[in-house]
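Chemist: My structure is stored as protein.txt, with compact mmCIF, C-alpha atoms.
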# COMPACT_ATOMS: atom_id res chain seq x y z
CA MET N 151 -163.78 -120.69 15.84
CA SER N 152 -162.57 -121.08 12.25
CA GLU N 153 -160.33 -123.98 11.21
CA GLU N 154 -157.36 -121.65 10.83
CA GLU N 155 -157.93 -120.21 14.30
CA SER N 156 -158.16 -123.72 15.70
CA ILE N 157 -154.81 -124.64 14.11
CA ARG N 158 -153.24 -121.48 15.48
CA ALA N 159 -154.59 -122.23 18.96
CA LEU N 160 -153.17 -125.75 18.86
CA ARG N 161 -149.75 -124.46 17.81
CA GLU N 162 -149.77 -121.90 20.61
CA ALA N 163 -150.73 -124.57 23.13
CA LEU N 164 -147.85 -126.76 21.96
CA GLU N 165 -145.40 -123.92 22.50
CA PHE N 166 -146.23 -124.15 26.21
CA SER N 167 -146.44 -127.96 26.21
CA PRO N 168 -144.18 -129.35 23.44
CA GLU N 169 -144.16 -132.85 24.98
CA ASN N 170 -147.96 -133.16 24.81
CA HIS N 171 -148.05 -135.88 22.14
CA PRO N 172 -151.88 -136.35 22.06
CA LEU N 173 -152.23 -132.62 21.42
CA ARG N 174 -149.61 -132.72 18.66
CA ARG N 175 -151.33 -135.75 17.13
CA HIS N 176 -154.61 -133.82 17.14
CA LEU N 177 -152.87 -130.93 15.36
CA GLY N 178 -151.35 -133.27 12.77
CA ARG N 179 -154.65 -134.96 12.02
CA SER N 180 -156.39 -131.59 11.77
CA LEU N 181 -153.79 -130.51 9.21
CA LEU N 182 -154.36 -133.74 7.27
CA ARG N 183 -158.10 -133.05 7.10
CA LEU N 184 -157.31 -129.60 5.70
CA GLY N 185 -155.08 -131.09 3.00
CA ARG N 186 -151.90 -129.68 4.57
CA ALA N 187 -150.08 -133.01 4.64
CA ASP N 188 -146.60 -131.47 4.44
CA GLU N 189 -147.20 -129.58 7.70
CA ALA N 190 -148.80 -132.65 9.27
CA GLU N 191 -145.71 -134.66 8.35
CA GLN N 192 -143.54 -132.37 10.47
CA GLU N 193 -145.79 -132.83 13.50
CA PHE N 194 -145.87 -136.62 13.15
CA GLN N 195 -142.08 -136.72 12.64
CA THR N 196 -141.73 -134.96 15.99
CA ILE N 197 -143.88 -137.60 17.70
CA VAL N 198 -142.03 -140.49 16.02
CA ARG N 199 -138.69 -139.10 17.18
CA ALA N 200 -140.02 -138.94 20.74
CA LEU N 201 -141.86 -142.31 20.56
CA PRO N 202 -139.89 -144.38 17.99
CA GLY N 203 -141.97 -147.57 18.21
CA ASP N 204 -145.42 -146.03 18.56
CA SER N 205 -147.57 -147.68 15.89
CA THR N 206 -150.23 -144.95 15.92
CA ALA N 207 -147.62 -142.25 15.27
CA LEU N 208 -146.05 -144.34 12.50
CA VAL N 209 -149.41 -144.86 10.76
CA ASP N 210 -150.12 -141.14 11.00
CA LEU N 211 -146.72 -140.33 9.46
CA ALA N 212 -147.23 -142.89 6.67
CA THR N 213 -150.67 -141.35 5.98
CA ALA N 214 -149.07 -137.92 5.63
CA PHE N 215 -146.54 -139.38 3.19
CA PHE N 216 -149.34 -141.09 1.23
CA GLN N 217 -151.36 -137.88 0.90
CA GLN N 218 -148.29 -136.14 -0.56
CA GLY N 219 -147.69 -138.93 -3.09
CA LYS N 220 -144.57 -140.14 -1.25
CA TYR N 221 -145.60 -143.75 -1.72
CA SER N 222 -142.14 -145.29 -1.23
CA ALA N 223 -141.68 -143.56 2.14
CA ALA N 224 -145.17 -144.62 3.24
CA SER N 225 -144.54 -148.22 2.15
CA VAL N 226 -141.32 -148.50 4.15
CA ILE N 227 -143.21 -147.67 7.35
CA ILE N 228 -146.34 -149.70 6.66
CA GLU N 229 -144.58 -152.83 5.42
CA ASP N 230 -142.68 -152.91 8.69
CA LEU N 231 -145.86 -152.41 10.73
CA VAL N 232 -147.86 -155.19 9.04
CA LYS N 233 -145.12 -157.68 10.00
CA ARG N 234 -145.85 -157.09 13.68
CA ARG N 235 -148.20 -159.26 15.72
CA ASP N 236 -150.09 -156.22 17.03
CA THR N 237 -150.67 -154.55 13.65
CA PRO N 238 -153.34 -151.83 14.05
CA ALA N 239 -156.30 -151.83 11.68
CA PRO N 240 -155.39 -148.44 10.10
CA ALA N 241 -152.02 -149.92 9.04
CA TYR N 242 -153.77 -152.71 7.14
CA LEU N 243 -156.11 -150.18 5.53
CA LEU N 244 -153.28 -147.92 4.37
CA HIS N 245 -151.37 -150.97 3.15
CA ALA N 246 -154.40 -151.86 1.01
CA ARG N 247 -154.36 -148.35 -0.50
CA LEU N 248 -150.64 -148.58 -1.24
CA LEU N 249 -151.01 -152.01 -2.83
CA LEU N 250 -153.89 -150.77 -4.98
CA GLN N 251 -151.76 -147.81 -6.01
CA ALA N 252 -149.00 -150.24 -7.02
CA GLY N 253 -151.41 -152.43 -9.01
CA ASP N 254 -151.36 -155.47 -6.67
CA VAL N 255 -155.13 -155.67 -6.31
CA SER N 256 -155.50 -159.22 -4.97
CA PHE N 257 -153.11 -158.56 -2.09
CA ALA N 258 -154.87 -155.22 -1.48
CA VAL N 259 -158.14 -157.13 -1.04
CA THR N 260 -156.48 -159.39 1.55
CA GLU N 261 -155.17 -156.43 3.53
CA TYR N 262 -158.49 -154.59 3.33
CA ARG N 263 -160.29 -157.65 4.74
CA ALA N 264 -157.69 -157.84 7.55
CA ALA N 265 -158.39 -154.20 8.39
CA ILE N 266 -162.17 -154.57 8.70
CA GLN N 267 -161.81 -157.86 10.56
CA GLU N 268 -159.64 -156.08 13.11
CA ASP N 269 -162.00 -153.08 13.29
CA PRO N 270 -165.30 -153.18 11.34
CA ALA N 271 -165.81 -149.45 11.96
CA ILE N 272 -162.84 -148.69 9.70
CA ALA N 273 -164.65 -149.93 6.57
CA ASP N 274 -164.25 -147.63 3.55
CA THR N 275 -167.05 -148.04 1.01
CA ASP N 276 -165.17 -146.20 -1.75
CA LEU N 277 -162.06 -148.36 -1.38
CA ALA N 278 -164.18 -151.50 -1.12
CA ALA N 279 -165.91 -150.58 -4.38
CA ARG N 280 -162.59 -150.04 -6.15
CA LEU N 281 -161.37 -153.41 -4.90
CA GLY N 282 -164.60 -155.17 -5.79
CA VAL N 283 -165.11 -156.45 -2.25
CA ASN N 284 -168.64 -157.83 -1.60
CA ASP N 285 -169.87 -156.68 -5.02
CA GLU N 286 -172.52 -158.02 -7.37
CA PRO N 287 -171.59 -160.95 -9.65
CA ALA N 288 -171.99 -158.79 -12.77
CA SER N 289 -169.47 -156.23 -11.54
CA GLU N 290 -166.40 -155.62 -13.70
CA VAL N 291 -164.15 -156.12 -10.66
CA SER N 292 -164.93 -158.95 -8.30
CA ASP N 293 -162.98 -159.45 -5.08
CA GLY N 294 -159.83 -158.15 -6.72
CA ARG N 295 -160.05 -160.44 -9.78
CA LEU N 296 -159.76 -158.30 -12.90
CA ARG N 297 -161.18 -158.89 -16.36
CA ALA N 298 -158.85 -158.05 -19.22
CA THR N 299 -160.18 -155.41 -21.57
CA TRP N 300 -158.93 -153.40 -24.52
CA GLY N 301 -162.31 -152.09 -25.69
CA GLY N 302 -163.88 -148.67 -25.68
CA ASP N 303 -165.25 -148.94 -22.14
CA ASP N 304 -161.81 -149.58 -20.68
CA PRO N 305 -161.18 -147.19 -17.78
CA GLY N 306 -157.75 -146.63 -19.31
CA GLU N 307 -159.50 -144.90 -22.20
CA ALA N 308 -161.02 -142.42 -19.79
CA LYS N 309 -157.69 -141.03 -18.63
CA LYS N 310 -157.48 -137.33 -19.20
CA ALA N 311 -155.75 -136.02 -22.28
CA THR N 312 -152.02 -135.57 -21.89
CA GLU N 313 -151.21 -131.98 -21.00
CA PHE N 314 -147.75 -130.52 -21.53
CA GLU N 315 -146.55 -127.66 -19.36
CA ARG N 316 -144.44 -124.81 -20.66
CA PRO N 317 -142.36 -123.99 -17.57
CA ARG N 318 -141.33 -120.38 -17.15
CA ILE N 319 -138.44 -121.14 -14.82
CA GLY N 320 -134.84 -121.94 -15.70
CA PHE N 321 -131.62 -122.89 -13.97
CA SER N 322 -131.30 -119.39 -12.52
CA ASP N 323 -134.39 -120.17 -10.44
CA VAL N 324 -132.76 -123.25 -8.90
CA GLY N 325 -130.38 -122.63 -6.01
CA GLY N 326 -127.06 -124.50 -5.97
CA MET N 327 -126.62 -127.83 -7.85
CA ALA N 328 -123.87 -126.44 -10.13
CA GLU N 329 -122.37 -129.86 -11.00
CA LEU N 330 -125.76 -131.42 -11.61
CA LYS N 331 -126.80 -128.55 -13.90
CA GLU N 332 -123.63 -129.05 -15.95
CA GLU N 333 -124.37 -132.78 -16.28
CA ILE N 334 -127.83 -131.95 -17.60
CA ARG N 335 -126.41 -129.35 -19.98
CA MET N 336 -124.06 -131.94 -21.51
CA LYS N 337 -126.72 -134.63 -21.77
CA ILE N 338 -129.76 -132.56 -22.75
CA ILE N 339 -129.23 -128.85 -23.40
CA TYR N 340 -126.04 -128.73 -25.49
CA PRO N 341 -127.24 -131.44 -27.93
CA LEU N 342 -130.25 -129.22 -28.69
CA GLN N 343 -128.31 -125.96 -28.91
CA HIS N 344 -125.43 -127.45 -30.93
CA ALA N 345 -127.20 -130.19 -32.86
CA ASP N 346 -124.77 -130.13 -35.83
CA MET N 347 -121.72 -130.60 -33.62
CA PHE N 348 -123.27 -133.53 -31.76
CA ALA N 349 -124.50 -135.06 -35.02
CA ALA N 350 -120.94 -134.96 -36.36
CA TYR N 351 -120.00 -137.33 -33.55
CA GLY N 352 -123.07 -139.47 -34.14
CA LYS N 353 -124.78 -138.40 -30.93
CA THR N 354 -128.58 -138.31 -31.04
CA ILE N 355 -130.74 -136.01 -28.95
CA GLY N 356 -132.38 -137.98 -26.19
CA GLY N 357 -131.68 -140.46 -23.44
CA GLY N 358 -132.28 -140.47 -19.74
CA ILE N 359 -130.95 -139.13 -16.46
CA LEU N 360 -131.92 -140.68 -13.14
CA MET N 361 -131.65 -138.43 -10.10
CA TYR N 362 -131.65 -139.98 -6.66
CA GLY N 363 -131.26 -138.72 -3.14
CA PRO N 364 -133.21 -137.71 -0.04
CA PRO N 365 -136.68 -136.21 -0.55
CA GLY N 366 -137.13 -132.45 -0.73
CA CYS N 367 -133.78 -131.68 -2.37
CA GLY N 368 -135.17 -130.19 -5.58
CA LYS N 369 -135.23 -133.07 -8.07
CA THR N 370 -138.69 -132.19 -9.40
CA HIS N 371 -137.93 -128.46 -9.44
CA LEU N 372 -134.72 -129.08 -11.41
CA ALA N 373 -136.54 -131.26 -13.95
CA ARG N 374 -139.12 -128.53 -14.55
CA ALA N 375 -136.33 -125.92 -14.84
CA THR N 376 -134.58 -128.12 -17.43
CA ALA N 377 -137.64 -127.99 -19.67
CA GLY N 378 -137.87 -124.23 -19.16
CA GLU N 379 -134.19 -123.80 -20.02
CA ILE N 380 -134.69 -125.32 -23.51
CA LYS N 381 -138.28 -124.08 -24.05
CA ALA N 382 -139.49 -127.67 -24.26
CA GLY N 383 -142.81 -129.18 -23.29
CA PHE N 384 -142.75 -130.71 -19.83
CA LEU N 385 -144.76 -133.79 -18.89
CA ALA N 386 -144.73 -134.74 -15.20
CA ILE N 387 -145.74 -138.37 -14.78
CA GLY N 388 -146.71 -139.89 -11.45
CA ILE N 389 -147.62 -143.46 -10.70
CA HIS N 390 -151.34 -142.57 -10.78
CA ASP N 391 -150.99 -141.49 -14.43
CA VAL N 392 -149.94 -144.98 -15.46
CA LEU N 393 -151.17 -147.66 -13.09
CA ASP N 394 -154.65 -148.98 -13.72
CA MET N 395 -156.64 -151.75 -12.10
CA TRP N 396 -157.32 -153.31 -15.49
CA ILE N 397 -155.02 -155.92 -17.02
CA GLY N 398 -153.02 -154.40 -19.88
CA SER N 399 -154.30 -150.88 -19.37
CA SER N 400 -151.20 -149.69 -17.51
CA GLU N 401 -148.96 -150.68 -20.42
CA LYS N 402 -151.35 -148.98 -22.81
CA ALA N 403 -151.35 -145.77 -20.74
CA LEU N 404 -147.54 -145.74 -20.59
CA HIS N 405 -147.29 -146.21 -24.35
CA GLY N 406 -149.74 -143.33 -24.87
CA LEU N 407 -147.63 -141.00 -22.72
CA PHE N 408 -144.48 -141.80 -24.71
CA GLN N 409 -146.35 -141.33 -27.99
CA SER N 410 -147.55 -137.91 -26.84
CA ALA N 411 -143.99 -136.92 -25.95
CA ARG N 412 -142.73 -138.07 -29.37
CA ALA N 413 -145.43 -136.05 -31.09
CA ASN N 414 -144.51 -132.88 -29.15
CA LYS N 415 -140.71 -132.93 -29.24
CA PRO N 416 -138.53 -131.49 -28.00
CA SER N 417 -140.13 -132.63 -24.82
CA VAL N 418 -139.06 -133.57 -21.33
CA MET N 419 -140.74 -136.52 -19.65
CA PHE N 420 -140.28 -136.54 -15.89
CA PHE N 421 -141.07 -139.72 -13.93
CA ASP N 422 -141.37 -138.99 -10.22
CA GLU N 423 -140.81 -141.90 -7.81
CA VAL N 424 -139.84 -144.00 -10.82
CA ASP N 425 -139.04 -146.97 -8.55
CA ALA N 426 -142.81 -147.44 -8.11
CA LEU N 427 -143.12 -148.09 -11.86
CA GLY N 428 -139.76 -149.76 -12.43
CA ALA N 429 -139.27 -151.87 -9.31
CA SER N 430 -136.99 -154.87 -9.57
CA ARG N 431 -138.76 -157.66 -11.42
CA THR N 432 -137.33 -160.22 -9.01
CA ASP N 433 -139.39 -158.55 -6.26
CA MET N 434 -142.62 -158.50 -8.26
CA LYS N 435 -145.44 -160.64 -6.89
CA THR N 436 -147.60 -160.38 -10.02
CA SER N 437 -146.93 -160.94 -13.71
CA ALA N 438 -148.82 -157.70 -14.43
CA GLY N 439 -146.06 -155.72 -12.72
CA ARG N 440 -143.37 -157.47 -14.75
CA HIS N 441 -145.26 -156.76 -17.98
CA LEU N 442 -145.38 -153.06 -17.12
CA ILE N 443 -141.61 -152.93 -16.54
CA ASN N 444 -140.98 -154.69 -19.85
CA GLN N 445 -143.21 -152.14 -21.58
CA PHE N 446 -141.31 -149.29 -19.87
CA LEU N 447 -137.97 -150.70 -21.08
CA ALA N 448 -139.29 -151.12 -24.62
CA GLU N 449 -140.52 -147.51 -24.69
CA MET N 450 -137.15 -146.21 -23.47
CA ASP N 451 -135.38 -148.25 -26.15
CA GLY N 452 -137.69 -146.80 -28.81
CA THR N 453 -138.16 -150.22 -30.39
CA GLU N 454 -141.23 -149.13 -32.36
CA SER N 455 -140.75 -145.34 -32.54
CA SER N 456 -137.67 -143.15 -32.30
CA ASN N 457 -137.09 -141.26 -29.07
CA ASP N 458 -134.86 -138.68 -30.74
CA GLY N 459 -135.79 -135.34 -29.16
CA VAL N 460 -137.52 -136.97 -26.19
CA LEU N 461 -135.58 -136.26 -23.01
CA ILE N 462 -136.30 -138.48 -20.05
CA LEU N 463 -135.65 -137.45 -16.47
CA ALA N 464 -136.60 -139.52 -13.45
CA ALA N 465 -136.32 -139.16 -9.71
CA THR N 466 -136.32 -141.68 -6.92
CA ASN N 467 -135.63 -141.75 -3.21
CA ALA N 468 -134.84 -145.49 -3.41
CA PRO N 469 -132.61 -146.31 -6.43
CA TRP N 470 -131.85 -149.72 -4.92
CA ASN N 471 -135.46 -150.74 -5.67
CA LEU N 472 -135.15 -149.93 -9.40
CA ASP N 473 -134.70 -152.82 -11.85
CA SER N 474 -131.04 -152.98 -12.95
CA ALA N 475 -132.11 -153.15 -16.62
CA PHE N 476 -132.99 -149.45 -16.46
CA ARG N 477 -129.33 -148.61 -15.94
CA ARG N 478 -128.12 -150.02 -19.26
CA PRO N 479 -126.71 -147.65 -21.94
CA GLY N 480 -129.43 -145.80 -23.83
CA ARG N 481 -131.78 -145.87 -20.86
CA PHE N 482 -130.89 -144.14 -17.60
CA ASP N 483 -127.20 -144.12 -18.42
CA ARG N 484 -126.55 -141.08 -16.21
CA ILE N 485 -127.33 -141.73 -12.55
CA ILE N 486 -126.76 -138.65 -10.44
CA PHE N 487 -126.82 -138.25 -6.68
CA VAL N 488 -128.74 -135.13 -5.57
CA PRO N 489 -127.55 -134.40 -2.03
CA PRO N 490 -128.87 -131.76 0.33
CA PRO N 491 -127.58 -128.35 -0.84
CA ASP N 492 -124.15 -127.25 0.34
CA ARG N 493 -123.64 -124.07 2.34
CA GLU N 494 -123.47 -121.84 -0.72
CA GLY N 495 -126.48 -123.58 -2.24
CA ARG N 496 -128.50 -123.13 0.97
CA ALA N 497 -127.73 -119.41 0.93
CA ASP N 498 -128.89 -119.22 -2.71
CA ILE N 499 -132.09 -121.08 -1.90
CA LEU N 500 -132.82 -118.74 1.01
CA ARG N 501 -132.37 -115.73 -1.28
CA LEU N 502 -134.85 -117.21 -3.75
CA LEU N 503 -137.35 -118.10 -1.03
CA LEU N 504 -137.19 -114.61 0.50
CA LYS N 505 -137.38 -112.80 -2.83
CA GLY N 506 -140.30 -110.34 -2.88
CA LYS N 507 -140.93 -110.63 0.87
CA PRO N 508 -140.46 -107.79 3.39
CA VAL N 509 -136.95 -108.35 4.75
CA ASP N 510 -134.35 -106.44 6.69
CA THR N 511 -130.67 -106.93 5.85
CA ILE N 512 -130.35 -110.73 5.94
CA ASP N 513 -127.12 -112.62 6.60
CA HIS N 514 -127.96 -115.56 4.35
CA ASP N 515 -124.59 -117.18 4.99
CA ALA N 516 -125.12 -117.18 8.76
CA VAL N 517 -128.45 -118.98 8.35
CA ALA N 518 -126.91 -121.38 5.82
CA LYS N 519 -124.17 -122.22 8.32
CA LYS N 520 -126.79 -123.30 10.89
CA THR N 521 -128.74 -125.50 8.46
CA GLU N 522 -126.27 -128.22 7.53
CA ASP N 523 -127.98 -131.27 5.91
CA TYR N 524 -131.22 -129.31 5.44
CA SER N 525 -133.05 -129.98 2.19
CA GLY N 526 -134.62 -127.28 0.05
CA ALA N 527 -137.99 -128.32 1.48
CA ASP N 528 -136.63 -127.93 5.02
CA LEU N 529 -135.44 -124.41 4.18
CA LYS N 530 -138.86 -123.58 2.78
CA LEU N 531 -140.39 -124.72 6.06
CA VAL N 532 -137.94 -122.46 7.94
CA VAL N 533 -139.09 -119.48 5.86
CA ASP N 534 -142.76 -120.44 6.19
CA GLN N 535 -142.50 -120.70 9.98
CA THR N 536 -140.64 -117.39 10.10
CA ILE N 537 -143.43 -115.70 8.16
CA GLU N 538 -146.08 -117.32 10.36
CA ALA N 539 -144.33 -116.02 13.49
CA LYS N 540 -144.08 -112.52 12.00
CA LEU N 541 -147.79 -112.57 11.13
CA GLN N 542 -148.69 -113.60 14.68
CA GLN N 543 -146.59 -110.71 15.95
CA ALA N 544 -148.23 -108.30 13.49
CA MET N 545 -151.70 -109.40 14.64
CA LYS N 546 -150.80 -108.34 18.19
CA THR N 547 -149.01 -105.06 17.40
CA GLY N 548 -151.11 -103.99 14.43
CA ARG N 549 -148.08 -103.33 12.23
CA PRO N 550 -145.97 -105.65 10.03
CA GLU N 551 -142.25 -105.88 10.68
CA PRO N 552 -139.59 -107.02 8.16
CA ILE N 553 -137.99 -110.45 8.51
CA THR N 554 -134.58 -110.39 10.19
CA THR N 555 -131.69 -112.84 10.42
CA ARG N 556 -132.64 -113.43 14.06
CA ASP N 557 -136.18 -114.42 13.01
CA LEU N 558 -134.82 -116.99 10.57
CA LEU N 559 -132.39 -118.44 13.10
CA ALA N 560 -135.22 -118.77 15.62
CA ALA N 561 -137.21 -120.78 13.08
CA VAL N 562 -134.17 -122.96 12.37
CA GLY N 563 -134.27 -123.98 16.03
CA ARG N 564 -137.79 -125.34 15.50
CA VAL N 565 -137.14 -127.21 12.22
CA ARG N 566 -135.01 -130.33 12.05
CA SER N 567 -133.36 -131.76 8.97
CA SER N 568 -135.62 -134.29 7.22
CA THR N 569 -132.73 -135.93 5.33
CA LYS N 570 -131.13 -137.79 8.25
CA ASP N 571 -133.61 -140.68 8.22
CA TRP N 572 -132.96 -141.19 4.51
CA PHE N 573 -129.19 -141.28 5.01
CA THR N 574 -129.60 -143.90 7.74
CA SER N 575 -131.15 -146.30 5.21
CA ALA N 576 -128.96 -145.21 2.30
CA ARG N 577 -125.78 -145.76 4.32
CA ASN N 578 -126.59 -149.46 4.70
CA TYR N 579 -127.14 -149.92 0.96
CA ALA N 580 -123.98 -147.96 0.16
CA LEU N 581 -121.90 -150.06 2.53
CA TYR N 582 -123.31 -153.52 1.87
CA SER N 583 -125.00 -153.52 -1.58
CA ASN N 584 -122.58 -151.44 -3.60
CA GLN N 585 -120.50 -153.89 -5.60
CA SER N 586 -120.63 -151.68 -8.71
CA GLY N 587 -119.73 -148.52 -6.81
CA LEU N 588 -123.05 -146.93 -7.80
CA TYR N 589 -123.58 -145.45 -4.34
CA ASP N 590 -120.04 -144.20 -3.74
CA ASP N 591 -121.37 -140.63 -3.87
CA ILE N 592 -123.39 -141.37 -0.74
CA LEU N 593 -120.29 -142.64 1.04
CA ARG N 594 -118.35 -139.55 -0.05
CA TYR N 595 -121.09 -137.28 1.23
CA LEU N 596 -121.01 -139.12 4.58
CA LYS N 597 -117.19 -138.86 4.51
CA LEU N 598 -116.81 -142.63 4.74
CA ILE N 599 -114.55 -142.67 1.66
CA LYS N 600 -112.58 -139.98 -0.16
When written as structure tokens, how does the structure in this file appear?
Modeler:
Amino acid sequence: MSEEESIRALREALEFSPENHPLRRHLGRSLLRLGRADEAEQEFQTIVRALPGDSTALVDLATAFFQQGKYSAASVIIEDLVKRRDTPAPAYLLHARLLLQAGDVSFAVTEYRAAIQEDPAIADTDLAARLGVNDEPASEVSDGRLRATWGGDDPGEAKKATEFERPRIGFSDVGGMAELKEEIRMKIIYPLQHADMFAAYGKTIGGGILMYGPPGCGKTHLARATAGEIKAGFLAIGIHDVLDMWIGSSEKALHGLFQSARANKPSVMFFDEVDALGASRTDMKTSAGRHLINQFLAEMDGTESSNDGVLILAATNAPWNLDSAFRRPGRFDRIIFVPPPDREGRADILRLLLKGKPVDTIDHDAVAKKTEDYSGADLKLVVDQTIEAKLQQAMKTGRPEPITTRDLLAAVGRVRSSTKDWFTSARNYALYSNQSGLYDDILRYLKLIK
């Protein structure tokens, strides 16, 4: 039996026994091995909802987040698990990976040792080598203690050359978000299209916009569309593009990325999960992390080189973790809440997702009405599951049938909104850590204020 047939068989078995959590866990882990972490996430979310305190399910969910690069979401789960007395070994191991990703190598070593002490069979030779655990004395990394280097053999020098995309999508390819698009037009697009007018008022071309909100609501897609709208180079920057195990190399890598953007303007730099790079300095356990934030702030200020023509967009699911210095004028001076799409936006997204697919007459508005609080990613999963169901049907009948409104509504019944967990956490910050009114948009969305 092929891997795809095995996955299909597991899904069919779960249709008859949806409460069989070991079977669903097996499906989720099989999907992880195949690199389909987004699908695995949905399976593990189902288990976590049924078994809220189950540590195995929580580690599996955090692993799915980690494989997708959702490091903040993974950290929230794992940091809670490692505080428990009965912390499972896989939680320590994943915590070590997350700490290494964040540049806190010495703490990562501690957590890795805790993992293998709890369960020696869980040892990971590749991770141990990266952490310098049990290495030779001459090794460049020894037990997490790093040697500073700025020379030619620095691993930071080996980072791949910066590659700029030329996105072929624009705002017309992004469903909904009308107000957010207008904000970006005023901050980024109009200054380029009407440079003389903005210059008359002394406004330079550049600056930053920080987008925050629940995951899967189109922040990355909108950033890429912004670059396409103005025919600018697009540079997507993740934490792995900057953080390095070597002292000073992370700052050097960040400086190199900004220099590349300045040399290729107009350009759009997009920092995904920016809170991982710009976390509050008061929360930093290492001076290396604080140095990186200071470097980031200096680059945004353009203290050594002008950022005119460099447009900076960033996204985060946890704006409360971002250092307040990033919100000063000239940095991320526009902070915009990106909520789940409204009813009209959901209908637009469905039209885009179904474009080019065999469909019958679809009542997009009826489906949109049934998907309140769904993110764009949730809607994509609805469409994907609809297509999968139609393919299964076609395999039995020998003929393909077009997608109908009823098919979509059936899939909606199997897909739950992924934004509700985020709003549970965000609501607390908006109610109790909102002296400046920064999170009022969250309270308005939740209808807690007008």
Chemist: Given the choices N:Ser474, N:Ser322, N:Gln195, N:Thr569, which gets closest to Gly378 in chain N if the distance is worked out from only C-alpha atoms?
Modeler: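 Ranking N:Ser474, N:Ser322, N:Gln195, N:Thr569 by distance to Gly378 in chain N, first place goes to N:Ser322.
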Chemist: Closest to Leu472 in chain N among N:Lys600, N:Met419, N:Ser222, N:Ala375, using all atoms listed in the file?
Modeler: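 Of all the options, N:Ser222 lies closest to Leu472 in chain N.
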Chemist: Rank N:Asp276, N:Glu379, N:Glu333, N:Asp528 by their smallest atom-to-atom distance to Glu189 in chain N, using all atoms listed in the file, and report the top residue only.
Modeler: N:Asp528
Chemist: Got a sec: who's within 6 Å of range 506-517 of chain N, counting all atoms listed in the file, leaving out chain neighbours fewer than 5 positions off, as a PDB file with C-alpha atoms, keeping the file's coordinate frame?
Modeler:
ATOM      1  CA  ALA N 497    -127.730-119.410   0.930  1.00  0.00           C
ATOM      2  CA  PRO N 552    -139.590-107.020   8.160  1.00  0.00           C
ATOM      3  CA  ILE N 553    -137.990-110.450   8.510  1.00  0.00           C
ATOM      4  CA  THR N 554    -134.580-110.390  10.190  1.00  0.00           C
ATOM      5  CA  THR N 555    -131.690-112.840  10.420  1.00  0.00           C
TER       6      THR N 555
END
Chemist: Which distance in Å separates CA of Asp323 in chain N and CA of Val418 in chain N, to one decimal?
Modeler: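 Separation between CA of Asp323 in chain N and CA of Val418 in chain N: 17.9 Å.
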Chemist: For range 589-597 of chain N, work out the shell of residues within 7 Å, counting all atoms listed in the file and skipping chain neighbours fewer than 5 positions away, then give it as a ChimeraX atom specification.
Modeler: /N:487,580,584
Chemist: Just checking: using only C-alpha atoms, which residue out of N:Val460, N:Leu181, N:Ile443, N:Ala349 ends up closest to Ala475 in chain N?
Modeler: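 For Ala475 in chain N, the nearest of the given residues is N:Ile443.
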Chemist: Choose the residue, out of N:Gln267, N:Ser455, N:Ser399, N:Thr466, that has the smallest atom-to-atom separation from Phe421 in chain N; count only C-alpha atoms.
Modeler: N:Thr466
Chemist: Just how far from CA of Glu229 in chain N is CA of Leu184 in chain N, in Å to one decimal?
Modeler: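 Result for CA of Leu184 in chain N versus CA of Glu229 in chain N: 26.5 Å, one decimal.
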